[in-house]
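Beneath this line is the structure, given in structure tokens, with notes to follow.
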Amino acid sequence: NAGVTQTPKFQVLKTGQSMTLQCAQDMNHNSMYWYRQDPGMGLRLIYYSASEGTTDKGEVPNGYNVSRLNKREFSLRLESAAPSQTSVYFCASRFTGGELFFGEGSRLTVL
Amino acid sequence: AQRVTQPEKLLSVFKGAPVELKCNYSYSGSPELFWYVQYSRQRLQLLLRHISRESIKGFTADLNKGETSFHLKKPFAQEEDSAMYYCALSVSSASKIIFGSGTRLSIRP
């Protein structure tokens, strides 16, 4: 009963470093999403993947890349981290038309 | 462009009082709307969706297409309702789901 699993849960980076956030779901969902959560800004969609093999930009895609590795996995990469990317990142998945299931979140700090 | 607006960042009410969390949306197509909730130390989870038209934990929400609103209501607040509430809009043609900025509901004893 893992649901949506994100790794790592916490990460501290220096400006300019790169990193990848991993997300995996075991519910056979076709759609996967990455959001960032910032105080006063709510949840903002970074990228999403409606189905395996497709990815689309969300509201705030700049500075990020994604890969839908297979049906289970959807990773988020920061090529050159900036302090503005300090945030809590959430991965989510769902069947088309269904409810979103969220991971526990990954707290990223960029110094 | 699609947009979800939650005008209140914080709403504080006494236990037993009615609660209304506001949500307005902007979308030219046929909207599908949701309310998600994040309790302390728990994952974000679905509270309710407009197509199901059901009441969950005493909460209801009605889609008003004329006013482009989907306000969340509960007649008598309970302390366990304290949480962060997010309104969300599904752009169904693209599987895209966007959220509002959230309202923190605090129930005072």
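How things are named: the first chain in the structure tokens is A, the next is B, and so on; residues count from 1 in each chain; ligands count from 1 in the order shown.
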
What are the residues of chain A lining chain B at 9 Å or less? Count only C-alpha atoms, and put the answer as a short mmCIF file (atom, residue, chain, number, x, y, z; two decimals) with N, CA, C and O atoms, in the first residue's frame.
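As a result, result.cif now contains:
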```cif
data_model
loop_
_atom_site.label_atom_id
_atom_site.label_comp_id
_atom_site.auth_asym_id
_atom_site.auth_seq_id
_atom_site.Cartn_x
_atom_site.Cartn_y
_atom_site.Cartn_z
N SER A 31 -1.85 9.10 -15.38
CA SER A 31 -1.40 10.49 -15.32
C SER A 31 -0.58 10.76 -14.07
O SER A 31 -0.92 10.27 -12.99
N TYR A 33 1.92 14.00 -12.01
CA TYR A 33 2.03 15.45 -11.89
C TYR A 33 3.16 15.82 -10.92
O TYR A 33 3.41 15.09 -9.95
N ASP A 38 4.31 26.72 -2.09
CA ASP A 38 4.97 27.85 -1.44
C ASP A 38 3.96 28.64 -0.63
O ASP A 38 2.81 28.78 -1.04
N PRO A 39 4.37 29.19 0.51
CA PRO A 39 3.45 29.95 1.36
C PRO A 39 2.78 31.08 0.58
O PRO A 39 3.44 31.87 -0.10
N GLY A 40 1.47 31.15 0.68
CA GLY A 40 0.73 32.22 0.00
C GLY A 40 0.51 32.00 -1.48
O GLY A 40 -0.25 32.74 -2.11
N MET A 41 1.18 30.99 -2.04
CA MET A 41 1.05 30.74 -3.49
C MET A 41 0.27 29.45 -3.76
O MET A 41 -0.10 29.19 -4.90
N GLY A 42 0.06 28.67 -2.75
CA GLY A 42 -0.67 27.43 -2.94
C GLY A 42 0.16 26.40 -3.69
O GLY A 42 1.38 26.38 -3.62
N LEU A 43 -0.53 25.54 -4.41
CA LEU A 43 0.11 24.51 -5.23
C LEU A 43 0.16 25.00 -6.67
O LEU A 43 -0.86 25.35 -7.24
N ARG A 44 1.34 24.99 -7.23
CA ARG A 44 1.49 25.41 -8.62
C ARG A 44 2.03 24.25 -9.45
O ARG A 44 3.01 23.60 -9.06
N LEU A 45 1.39 24.01 -10.57
CA LEU A 45 1.73 22.88 -11.43
C LEU A 45 3.01 23.17 -12.21
O LEU A 45 3.10 24.19 -12.92
N TYR A 48 3.26 17.98 -16.08
CA TYR A 48 2.44 16.80 -15.91
C TYR A 48 2.61 15.88 -17.10
O TYR A 48 3.12 16.28 -18.16
N SER A 49 2.18 14.64 -16.87
CA SER A 49 2.27 13.62 -17.90
C SER A 49 0.92 12.92 -17.96
O SER A 49 0.56 12.19 -17.05
N ALA A 50 0.19 13.17 -19.02
CA ALA A 50 -1.16 12.60 -19.13
C ALA A 50 -1.12 11.09 -19.32
O ALA A 50 -2.04 10.39 -18.91
N ASP A 56 3.89 17.52 -20.46
CA ASP A 56 3.45 18.87 -20.83
C ASP A 56 3.80 19.85 -19.75
O ASP A 56 3.83 19.49 -18.55
N GLY A 58 3.33 22.90 -17.17
CA GLY A 58 2.27 23.43 -16.35
C GLY A 58 2.37 24.94 -16.24
O GLY A 58 2.73 25.62 -17.21
N GLU A 59 2.12 25.44 -15.05
CA GLU A 59 2.10 26.89 -14.83
C GLU A 59 3.50 27.48 -14.62
O GLU A 59 3.75 28.64 -14.97
N THR A 96 -7.31 8.91 -15.45
CA THR A 96 -7.96 10.00 -16.16
C THR A 96 -9.35 10.23 -15.58
O THR A 96 -10.15 9.29 -15.48
N GLY A 97 -9.61 11.46 -15.17
CA GLY A 97 -10.91 11.80 -14.61
C GLY A 97 -11.08 11.47 -13.14
O GLY A 97 -12.11 11.80 -12.55
N GLU A 99 -9.52 11.09 -8.94
CA GLU A 99 -8.92 11.97 -7.95
C GLU A 99 -7.41 11.83 -7.95
O GLU A 99 -6.85 10.80 -8.32
N LEU A 100 -6.76 12.89 -7.52
CA LEU A 100 -5.31 12.88 -7.37
C LEU A 100 -4.91 12.20 -6.07
O LEU A 100 -5.53 12.44 -5.03
N PHE A 101 -3.85 11.39 -6.15
CA PHE A 101 -3.22 10.82 -4.97
C PHE A 101 -1.83 11.43 -4.86
O PHE A 101 -1.06 11.39 -5.82
N PHE A 102 -1.51 11.94 -3.68
CA PHE A 102 -0.28 12.69 -3.49
C PHE A 102 0.78 11.91 -2.73
O PHE A 102 0.46 11.06 -1.89
N GLY A 103 2.03 12.24 -3.02
CA GLY A 103 3.13 11.79 -2.20
C GLY A 103 3.23 12.65 -0.95
O GLY A 103 2.47 13.60 -0.75
N GLU A 104 4.22 12.31 -0.10
CA GLU A 104 4.38 13.01 1.17
C GLU A 104 5.09 14.35 1.02
O GLU A 104 5.10 15.14 1.94
N GLY A 105 5.69 14.58 -0.12
CA GLY A 105 6.38 15.84 -0.36
C GLY A 105 7.88 15.72 -0.17
O GLY A 105 8.37 14.87 0.58
#
```

- request: Please measure the separation of atom CA of A:Leu69 and atom CA of A:Ser106, giving the value in Å to one decimal.
  value: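 Going from atom CA of A:Leu69 over to atom CA of A:Ser106, I get 19.3 Å.
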
field: Separation of atom CA of B:Pro31 from atom CA of B:Ser52 in Å
entry: 13.6 Å

message: Quick check, in Å to one decimal: how far apart do atom CA of B:Trp35 and atom CA of B:Gly66 lie?
response: 19.2 Å

Which residue of A:Leu111, A:Ala92, A:Leu13, A:Ile46 approaches A:Glu73 most closely, using only C-alpha atoms: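 Among A:Leu111, A:Ala92, A:Leu13, A:Ile46, it is A:Ala92 that comes nearest to A:Glu73.
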
Enumerate, as a compact mmCIF listing (two decimals) with all heavy atoms, in the first residue's frame, the complete set of residues in chain B that a backbone-based DSSP assignment places in strand (DSSP E).
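Now in states12.txt:
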```
# COMPACT_ATOMS: atom_id res chain seq x y z
N ARG B 3 -7.79 29.75 -14.27
CA ARG B 3 -7.34 30.29 -12.99
C ARG B 3 -8.30 29.87 -11.90
O ARG B 3 -9.51 29.76 -12.13
CB ARG B 3 -7.26 31.80 -13.05
CG ARG B 3 -6.86 32.45 -11.72
CD ARG B 3 -6.68 33.94 -11.87
NE ARG B 3 -5.44 34.24 -12.59
CZ ARG B 3 -4.98 35.46 -12.79
NH1 ARG B 3 -5.65 36.49 -12.35
NH2 ARG B 3 -3.87 35.67 -13.44
N VAL B 4 -7.75 29.64 -10.70
CA VAL B 4 -8.55 29.35 -9.51
C VAL B 4 -8.17 30.38 -8.45
O VAL B 4 -6.99 30.55 -8.15
CB VAL B 4 -8.29 27.92 -8.99
CG1 VAL B 4 -9.09 27.69 -7.71
CG2 VAL B 4 -8.65 26.89 -10.04
N THR B 5 -9.17 31.04 -7.90
CA THR B 5 -8.93 32.08 -6.90
C THR B 5 -9.58 31.73 -5.58
O THR B 5 -10.78 31.45 -5.52
CB THR B 5 -9.49 33.43 -7.39
OG1 THR B 5 -8.89 33.77 -8.65
CG2 THR B 5 -9.16 34.54 -6.39
N LEU B 10 -6.57 32.99 5.33
CA LEU B 10 -6.85 32.44 6.65
C LEU B 10 -8.29 32.73 7.02
O LEU B 10 -8.77 33.85 6.83
CB LEU B 10 -5.90 33.05 7.69
CG LEU B 10 -6.18 32.70 9.15
CD1 LEU B 10 -5.95 31.21 9.40
CD2 LEU B 10 -5.31 33.54 10.07
N LEU B 11 -8.95 31.69 7.54
CA LEU B 11 -10.31 31.85 8.02
C LEU B 11 -10.37 31.24 9.42
O LEU B 11 -10.03 30.07 9.60
CB LEU B 11 -11.29 31.15 7.08
CG LEU B 11 -12.78 31.35 7.34
CD1 LEU B 11 -13.14 32.82 7.18
CD2 LEU B 11 -13.60 30.50 6.37
N SER B 12 -10.77 32.04 10.38
CA SER B 12 -10.83 31.58 11.76
C SER B 12 -12.26 31.72 12.27
O SER B 12 -12.81 32.82 12.24
CB SER B 12 -9.86 32.41 12.63
OG SER B 12 -9.86 31.93 13.95
N VAL B 13 -12.84 30.60 12.72
CA VAL B 13 -14.21 30.62 13.22
C VAL B 13 -14.28 29.81 14.51
O VAL B 13 -13.43 28.96 14.78
CB VAL B 13 -15.22 30.05 12.20
CG1 VAL B 13 -15.17 30.83 10.90
CG2 VAL B 13 -14.98 28.59 11.95
N PHE B 14 -15.33 30.06 15.28
CA PHE B 14 -15.53 29.30 16.51
C PHE B 14 -16.20 27.97 16.21
O PHE B 14 -16.96 27.82 15.24
CB PHE B 14 -16.39 30.09 17.50
CG PHE B 14 -15.65 31.20 18.19
CD1 PHE B 14 -15.88 32.53 17.85
CD2 PHE B 14 -14.72 30.93 19.19
CE1 PHE B 14 -15.20 33.55 18.48
CE2 PHE B 14 -14.03 31.95 19.83
CZ PHE B 14 -14.28 33.26 19.48
N VAL B 19 -19.25 27.62 8.35
CA VAL B 19 -18.02 27.88 7.62
C VAL B 19 -18.32 27.98 6.13
O VAL B 19 -19.10 27.18 5.60
CB VAL B 19 -17.00 26.73 7.84
CG1 VAL B 19 -15.81 26.87 6.91
CG2 VAL B 19 -16.55 26.67 9.29
N GLU B 20 -17.69 28.95 5.48
CA GLU B 20 -17.75 29.02 4.02
C GLU B 20 -16.39 29.42 3.49
O GLU B 20 -15.87 30.48 3.79
CB GLU B 20 -18.80 30.02 3.54
CG GLU B 20 -18.90 30.04 2.00
CD GLU B 20 -19.95 31.00 1.48
OE1 GLU B 20 -20.03 32.14 1.99
OE2 GLU B 20 -20.70 30.61 0.55
N LEU B 21 -15.78 28.55 2.72
CA LEU B 21 -14.50 28.84 2.07
C LEU B 21 -14.79 29.13 0.60
O LEU B 21 -15.39 28.31 -0.09
CB LEU B 21 -13.54 27.65 2.19
CG LEU B 21 -12.90 27.41 3.55
CD1 LEU B 21 -13.88 26.75 4.50
CD2 LEU B 21 -11.67 26.53 3.40
N ASN B 24 -13.39 30.78 -6.61
CA ASN B 24 -13.88 31.21 -7.92
C ASN B 24 -12.92 30.71 -8.99
O ASN B 24 -11.72 30.61 -8.75
CB ASN B 24 -14.00 32.73 -7.98
CG ASN B 24 -15.15 33.24 -7.15
OD1 ASN B 24 -14.99 33.54 -5.97
ND2 ASN B 24 -16.31 33.32 -7.75
N TYR B 25 -13.44 30.43 -10.15
CA TYR B 25 -12.61 29.89 -11.21
C TYR B 25 -12.83 30.66 -12.51
O TYR B 25 -13.83 31.35 -12.70
CB TYR B 25 -12.89 28.40 -11.42
CG TYR B 25 -14.27 28.12 -11.97
CD1 TYR B 25 -14.49 28.03 -13.34
CD2 TYR B 25 -15.34 27.94 -11.11
CE1 TYR B 25 -15.76 27.79 -13.84
CE2 TYR B 25 -16.61 27.71 -11.60
CZ TYR B 25 -16.82 27.63 -12.97
OH TYR B 25 -18.08 27.40 -13.46
N SER B 26 -11.84 30.53 -13.38
CA SER B 26 -11.92 31.11 -14.71
C SER B 26 -11.55 30.03 -15.71
O SER B 26 -10.43 29.51 -15.67
CB SER B 26 -10.96 32.30 -14.82
OG SER B 26 -10.91 32.78 -16.15
N GLU B 32 -14.48 20.99 -14.21
CA GLU B 32 -14.60 19.94 -13.20
C GLU B 32 -13.84 20.44 -11.99
O GLU B 32 -12.65 20.74 -12.07
CB GLU B 32 -14.02 18.62 -13.70
CG GLU B 32 -14.28 17.49 -12.73
CD GLU B 32 -13.87 16.14 -13.27
OE1 GLU B 32 -13.40 16.08 -14.42
OE2 GLU B 32 -14.00 15.16 -12.53
N LEU B 33 -14.53 20.55 -10.87
CA LEU B 33 -13.94 21.18 -9.68
C LEU B 33 -13.87 20.24 -8.51
O LEU B 33 -14.70 19.33 -8.35
CB LEU B 33 -14.75 22.43 -9.32
CG LEU B 33 -14.49 23.55 -10.33
CD1 LEU B 33 -15.73 24.36 -10.58
CD2 LEU B 33 -13.38 24.46 -9.85
N PHE B 34 -12.84 20.47 -7.69
CA PHE B 34 -12.55 19.62 -6.55
C PHE B 34 -12.20 20.51 -5.34
O PHE B 34 -11.70 21.62 -5.50
CB PHE B 34 -11.32 18.74 -6.81
CG PHE B 34 -11.39 17.90 -8.06
CD1 PHE B 34 -11.11 18.45 -9.30
CD2 PHE B 34 -11.69 16.55 -7.97
CE1 PHE B 34 -11.15 17.68 -10.44
CE2 PHE B 34 -11.72 15.76 -9.12
CZ PHE B 34 -11.45 16.32 -10.35
N TRP B 35 -12.37 19.93 -4.17
CA TRP B 35 -11.77 20.47 -2.96
C TRP B 35 -10.84 19.40 -2.39
O TRP B 35 -11.24 18.24 -2.21
CB TRP B 35 -12.82 20.84 -1.92
CG TRP B 35 -13.42 22.19 -2.14
CD1 TRP B 35 -14.61 22.47 -2.74
CD2 TRP B 35 -12.86 23.44 -1.76
NE1 TRP B 35 -14.82 23.82 -2.77
CE2 TRP B 35 -13.76 24.45 -2.17
CE3 TRP B 35 -11.69 23.84 -1.09
CZ2 TRP B 35 -13.53 25.81 -1.95
CZ3 TRP B 35 -11.46 25.18 -0.87
CH2 TRP B 35 -12.38 26.15 -1.30
N TYR B 36 -9.58 19.82 -2.14
CA TYR B 36 -8.60 18.95 -1.48
C TYR B 36 -8.28 19.55 -0.12
O TYR B 36 -8.33 20.76 0.08
CB TYR B 36 -7.32 18.84 -2.32
CG TYR B 36 -7.47 17.90 -3.50
CD1 TYR B 36 -8.04 18.33 -4.69
CD2 TYR B 36 -7.04 16.58 -3.42
CE1 TYR B 36 -8.19 17.48 -5.77
CE2 TYR B 36 -7.18 15.72 -4.49
CZ TYR B 36 -7.76 16.17 -5.66
OH TYR B 36 -7.90 15.31 -6.72
N VAL B 37 -7.90 18.67 0.82
CA VAL B 37 -7.60 19.12 2.17
C VAL B 37 -6.27 18.53 2.63
O VAL B 37 -5.91 17.40 2.26
CB VAL B 37 -8.74 18.73 3.15
CG1 VAL B 37 -8.96 17.23 3.19
CG2 VAL B 37 -8.49 19.29 4.53
N GLN B 38 -5.54 19.31 3.39
CA GLN B 38 -4.27 18.85 3.96
C GLN B 38 -4.32 19.06 5.46
O GLN B 38 -4.19 20.19 5.95
CB GLN B 38 -3.10 19.60 3.34
CG GLN B 38 -1.75 19.04 3.72
CD GLN B 38 -0.61 19.74 2.99
OE1 GLN B 38 -0.72 20.90 2.59
NE2 GLN B 38 0.49 19.04 2.79
N GLN B 45 -5.35 15.24 0.35
CA GLN B 45 -6.33 14.23 -0.03
C GLN B 45 -7.61 14.90 -0.54
O GLN B 45 -7.92 16.04 -0.18
CB GLN B 45 -6.66 13.32 1.16
CG GLN B 45 -7.19 14.06 2.37
CD GLN B 45 -7.31 13.18 3.59
OE1 GLN B 45 -8.28 12.46 3.74
NE2 GLN B 45 -6.30 13.21 4.44
N LEU B 46 -8.32 14.15 -1.36
CA LEU B 46 -9.57 14.67 -1.90
C LEU B 46 -10.62 14.78 -0.80
O LEU B 46 -10.80 13.85 0.00
CB LEU B 46 -10.08 13.74 -2.99
CG LEU B 46 -11.41 14.12 -3.62
CD1 LEU B 46 -11.25 15.38 -4.46
CD2 LEU B 46 -11.95 12.97 -4.48
N LEU B 47 -11.30 15.92 -0.75
CA LEU B 47 -12.42 16.08 0.16
C LEU B 47 -13.73 15.80 -0.60
O LEU B 47 -14.51 14.95 -0.21
CB LEU B 47 -12.44 17.49 0.75
CG LEU B 47 -13.56 17.79 1.74
CD1 LEU B 47 -13.47 16.88 2.96
CD2 LEU B 47 -13.52 19.26 2.16
N LEU B 48 -13.93 16.53 -1.69
CA LEU B 48 -15.10 16.25 -2.51
C LEU B 48 -14.92 16.83 -3.91
O LEU B 48 -14.02 17.63 -4.17
CB LEU B 48 -16.39 16.75 -1.86
CG LEU B 48 -16.49 18.21 -1.42
CD1 LEU B 48 -16.78 19.14 -2.57
CD2 LEU B 48 -17.61 18.37 -0.37
N ARG B 49 -15.78 16.38 -4.83
CA ARG B 49 -15.74 16.83 -6.21
C ARG B 49 -17.16 17.15 -6.65
O ARG B 49 -18.10 16.51 -6.16
CB ARG B 49 -15.12 15.79 -7.12
CG ARG B 49 -15.79 14.44 -7.09
CD ARG B 49 -14.95 13.36 -7.75
NE ARG B 49 -14.64 13.68 -9.13
CZ ARG B 49 -13.91 12.88 -9.93
NH1 ARG B 49 -13.42 11.76 -9.46
NH2 ARG B 49 -13.66 13.22 -11.17
N THR B 60 -20.25 20.48 2.02
CA THR B 60 -20.87 20.44 0.71
C THR B 60 -20.30 21.58 -0.13
O THR B 60 -19.78 22.56 0.40
CB THR B 60 -22.39 20.60 0.79
OG1 THR B 60 -22.70 21.84 1.43
CG2 THR B 60 -23.03 19.45 1.56
N ALA B 61 -20.41 21.41 -1.43
CA ALA B 61 -20.00 22.48 -2.35
C ALA B 61 -20.86 22.38 -3.59
O ALA B 61 -21.04 21.29 -4.13
CB ALA B 61 -18.52 22.36 -2.70
N LEU B 72 -17.08 26.11 -0.58
CA LEU B 72 -17.18 24.97 0.34
C LEU B 72 -17.88 25.43 1.62
O LEU B 72 -17.49 26.43 2.21
CB LEU B 72 -15.78 24.45 0.66
CG LEU B 72 -15.68 23.21 1.53
CD1 LEU B 72 -16.22 21.98 0.79
CD2 LEU B 72 -14.23 22.97 1.95
N LYS B 73 -18.89 24.65 2.04
CA LYS B 73 -19.67 25.07 3.20
C LYS B 73 -19.85 23.94 4.20
O LYS B 73 -19.88 22.76 3.84
CB LYS B 73 -21.06 25.54 2.74
CG LYS B 73 -21.05 26.71 1.79
CD LYS B 73 -22.45 27.06 1.34
CE LYS B 73 -22.42 28.19 0.33
NZ LYS B 73 -23.76 28.56 -0.17
N LYS B 74 -19.96 24.34 5.46
CA LYS B 74 -20.29 23.40 6.51
C LYS B 74 -21.10 24.16 7.55
O LYS B 74 -20.70 25.24 7.97
CB LYS B 74 -19.03 22.80 7.15
CG LYS B 74 -19.34 21.73 8.19
CD LYS B 74 -18.08 20.98 8.60
CE LYS B 74 -18.44 19.87 9.59
NZ LYS B 74 -17.27 19.03 9.96
N ALA B 83 -7.44 22.82 9.06
CA ALA B 83 -6.59 22.26 8.01
C ALA B 83 -6.39 23.31 6.93
O ALA B 83 -6.95 24.41 7.00
CB ALA B 83 -7.23 21.01 7.40
N MET B 84 -5.61 22.93 5.93
CA MET B 84 -5.43 23.76 4.74
C MET B 84 -6.33 23.21 3.65
O MET B 84 -6.31 22.00 3.38
CB MET B 84 -3.97 23.69 4.29
CG MET B 84 -3.57 24.72 3.27
SD MET B 84 -3.43 26.33 4.02
CE MET B 84 -2.89 27.28 2.60
N TYR B 85 -7.11 24.07 3.02
CA TYR B 85 -8.07 23.64 2.01
C TYR B 85 -7.70 24.26 0.66
O TYR B 85 -7.46 25.46 0.56
CB TYR B 85 -9.49 24.07 2.40
CG TYR B 85 -10.02 23.31 3.58
CD1 TYR B 85 -9.65 23.65 4.87
CD2 TYR B 85 -10.89 22.24 3.41
CE1 TYR B 85 -10.12 22.94 5.97
CE2 TYR B 85 -11.38 21.53 4.50
CZ TYR B 85 -10.98 21.89 5.77
OH TYR B 85 -11.46 21.18 6.85
N TYR B 86 -7.70 23.42 -0.37
CA TYR B 86 -7.38 23.87 -1.72
C TYR B 86 -8.52 23.56 -2.67
O TYR B 86 -9.02 22.43 -2.71
CB TYR B 86 -6.13 23.17 -2.25
CG TYR B 86 -4.85 23.55 -1.58
CD1 TYR B 86 -4.31 22.76 -0.57
CD2 TYR B 86 -4.16 24.70 -1.96
CE1 TYR B 86 -3.12 23.10 0.04
CE2 TYR B 86 -2.96 25.05 -1.35
CZ TYR B 86 -2.45 24.24 -0.35
OH TYR B 86 -1.27 24.59 0.25
N CYS B 87 -8.88 24.54 -3.47
CA CYS B 87 -9.84 24.35 -4.55
C CYS B 87 -9.04 24.03 -5.82
O CYS B 87 -7.95 24.60 -6.03
CB CYS B 87 -10.65 25.63 -4.73
SG CYS B 87 -11.95 25.55 -5.96
N ALA B 88 -9.52 23.12 -6.63
CA ALA B 88 -8.79 22.71 -7.84
C ALA B 88 -9.72 22.61 -9.03
O ALA B 88 -10.89 22.25 -8.90
CB ALA B 88 -8.09 21.37 -7.60
N LEU B 89 -9.15 22.91 -10.19
CA LEU B 89 -9.89 22.87 -11.45
C LEU B 89 -9.22 21.92 -12.41
O LEU B 89 -8.00 22.00 -12.63
CB LEU B 89 -9.91 24.29 -12.06
CG LEU B 89 -10.37 24.44 -13.51
CD1 LEU B 89 -11.86 24.14 -13.63
CD2 LEU B 89 -10.07 25.85 -14.03
N SER B 90 -10.00 21.02 -12.97
CA SER B 90 -9.47 20.10 -13.97
C SER B 90 -9.82 20.59 -15.35
O SER B 90 -11.00 20.82 -15.66
CB SER B 90 -10.05 18.70 -13.75
OG SER B 90 -9.67 17.84 -14.81
N VAL B 91 -8.76 20.78 -16.16
CA VAL B 91 -8.95 21.12 -17.57
C VAL B 91 -8.99 19.79 -18.29
O VAL B 91 -7.96 19.24 -18.67
CB VAL B 91 -7.80 22.01 -18.07
CG1 VAL B 91 -7.96 22.32 -19.55
CG2 VAL B 91 -7.73 23.29 -17.27
N LYS B 96 -4.93 18.38 -17.29
CA LYS B 96 -4.23 19.35 -16.46
C LYS B 96 -5.10 19.70 -15.25
O LYS B 96 -6.30 19.89 -15.39
CB LYS B 96 -3.99 20.60 -17.31
CG LYS B 96 -3.22 21.72 -16.69
CD LYS B 96 -3.08 22.83 -17.73
CE LYS B 96 -2.36 24.03 -17.21
NZ LYS B 96 -2.27 25.09 -18.24
N ILE B 97 -4.49 19.81 -14.07
CA ILE B 97 -5.22 20.19 -12.87
C ILE B 97 -4.48 21.32 -12.19
O ILE B 97 -3.30 21.18 -11.86
CB ILE B 97 -5.37 19.01 -11.89
CG1 ILE B 97 -6.07 17.83 -12.57
CG2 ILE B 97 -6.15 19.44 -10.65
CD1 ILE B 97 -6.19 16.61 -11.70
N ILE B 98 -5.16 22.43 -11.98
CA ILE B 98 -4.53 23.56 -11.31
C ILE B 98 -5.26 23.85 -10.01
O ILE B 98 -6.46 23.55 -9.87
CB ILE B 98 -4.47 24.81 -12.20
CG1 ILE B 98 -5.88 25.27 -12.61
CG2 ILE B 98 -3.61 24.56 -13.42
CD1 ILE B 98 -5.89 26.62 -13.29
N PHE B 99 -4.50 24.43 -9.06
CA PHE B 99 -5.01 24.67 -7.72
C PHE B 99 -5.04 26.16 -7.42
O PHE B 99 -4.30 26.96 -8.02
CB PHE B 99 -4.11 23.99 -6.69
CG PHE B 99 -4.29 22.51 -6.60
CD1 PHE B 99 -3.76 21.67 -7.56
CD2 PHE B 99 -4.97 21.94 -5.54
CE1 PHE B 99 -3.91 20.29 -7.49
CE2 PHE B 99 -5.15 20.57 -5.45
CZ PHE B 99 -4.60 19.75 -6.42
N THR B 103 -6.71 28.06 1.50
CA THR B 103 -7.22 28.78 2.67
C THR B 103 -6.96 27.93 3.91
O THR B 103 -7.31 26.75 3.94
CB THR B 103 -8.74 29.02 2.57
OG1 THR B 103 -9.02 29.85 1.43
CG2 THR B 103 -9.26 29.71 3.83
N ARG B 104 -6.29 28.55 4.87
CA ARG B 104 -6.07 27.84 6.14
C ARG B 104 -7.27 28.10 7.03
O ARG B 104 -7.57 29.26 7.36
CB ARG B 104 -4.79 28.30 6.82
CG ARG B 104 -4.54 27.57 8.14
CD ARG B 104 -3.13 27.74 8.64
NE ARG B 104 -2.12 27.19 7.76
CZ ARG B 104 -1.83 25.91 7.66
NH1 ARG B 104 -2.48 25.01 8.38
NH2 ARG B 104 -0.87 25.51 6.84
N LEU B 105 -7.95 27.02 7.40
CA LEU B 105 -9.11 27.11 8.28
C LEU B 105 -8.69 26.77 9.70
O LEU B 105 -8.11 25.70 9.95
CB LEU B 105 -10.21 26.14 7.81
CG LEU B 105 -11.47 26.07 8.66
CD1 LEU B 105 -12.19 27.42 8.67
CD2 LEU B 105 -12.40 24.98 8.14
N SER B 106 -8.98 27.66 10.61
CA SER B 106 -8.66 27.45 12.01
C SER B 106 -9.96 27.50 12.81
O SER B 106 -10.68 28.50 12.75
CB SER B 106 -7.68 28.53 12.50
OG SER B 106 -7.47 28.42 13.88
N ILE B 107 -10.23 26.43 13.55
CA ILE B 107 -11.46 26.36 14.35
C ILE B 107 -11.08 26.60 15.82
O ILE B 107 -10.31 25.84 16.40
CB ILE B 107 -12.17 25.01 14.20
CG1 ILE B 107 -12.37 24.68 12.71
CG2 ILE B 107 -13.50 25.03 14.97
CD1 ILE B 107 -13.20 25.70 11.96
N ARG B 108 -11.64 27.63 16.39
CA ARG B 108 -11.35 27.97 17.78
C ARG B 108 -12.33 27.27 18.71
O ARG B 108 -13.52 27.21 18.42
CB ARG B 108 -11.41 29.49 17.96
CG ARG B 108 -10.30 30.23 17.25
CD ARG B 108 -10.45 31.73 17.38
NE ARG B 108 -11.47 32.23 16.45
CZ ARG B 108 -11.84 33.50 16.39
NH1 ARG B 108 -11.30 34.39 17.22
NH2 ARG B 108 -12.76 33.90 15.53
```

Would you list, as a short mmCIF file (atom, residue, chain, number, x, y, z; two decimals) with all heavy atoms, in the first residue's frame, the residues of chain B that end up in helix (DSSP H, G or I) under DSSP run on this structure's backbone?
```cif
data_model
loop_
_atom_site.label_atom_id
_atom_site.label_comp_id
_atom_site.auth_asym_id
_atom_site.auth_seq_id
_atom_site.Cartn_x
_atom_site.Cartn_y
_atom_site.Cartn_z
N GLU B 79 -13.56 21.14 15.63
CA GLU B 79 -12.13 21.42 15.79
C GLU B 79 -11.29 20.61 14.80
O GLU B 79 -10.27 21.10 14.32
CB GLU B 79 -11.70 21.15 17.22
CG GLU B 79 -12.22 22.19 18.21
CD GLU B 79 -11.67 22.00 19.61
OE1 GLU B 79 -10.45 22.15 19.79
OE2 GLU B 79 -12.46 21.71 20.51
N GLU B 80 -11.74 19.40 14.49
CA GLU B 80 -10.95 18.56 13.58
C GLU B 80 -11.01 19.04 12.13
O GLU B 80 -10.34 18.48 11.27
CB GLU B 80 -11.42 17.10 13.66
CG GLU B 80 -12.88 16.89 13.44
CD GLU B 80 -13.67 16.83 14.74
OE1 GLU B 80 -13.28 17.51 15.71
OE2 GLU B 80 -14.67 16.09 14.77
N ASP B 81 -11.79 20.08 11.86
CA ASP B 81 -11.83 20.65 10.52
C ASP B 81 -10.64 21.59 10.26
O ASP B 81 -10.43 22.02 9.11
CB ASP B 81 -13.12 21.43 10.29
CG ASP B 81 -14.35 20.54 10.34
OD1 ASP B 81 -14.24 19.36 9.95
OD2 ASP B 81 -15.41 21.03 10.78
N SER B 92 -10.17 19.24 -18.40
CA SER B 92 -10.32 17.83 -18.73
C SER B 92 -9.72 17.45 -20.07
O SER B 92 -9.20 16.36 -20.24
CB SER B 92 -11.79 17.43 -18.68
OG SER B 92 -12.54 18.25 -19.55
N SER B 93 -9.75 18.35 -21.02
CA SER B 93 -9.24 17.98 -22.34
C SER B 93 -7.74 17.71 -22.33
O SER B 93 -7.22 17.04 -23.20
CB SER B 93 -9.55 19.09 -23.34
OG SER B 93 -8.90 20.28 -22.96
N ALA B 94 -7.04 18.22 -21.32
CA ALA B 94 -5.58 18.08 -21.29
C ALA B 94 -5.09 17.36 -20.04
O ALA B 94 -3.89 17.31 -19.82
CB ALA B 94 -4.93 19.46 -21.38
#
```

message: So that I can check the surroundings of A:Met32, please list as a ChimeraX atom specification every protein, DNA and RNA residue that reaches within 9 Å of it, counting only C-alpha atoms and ignoring chain neighbours fewer than 2 positions away.
response: /A:25,29-30,34,47-51,68,71-74,91-95,100
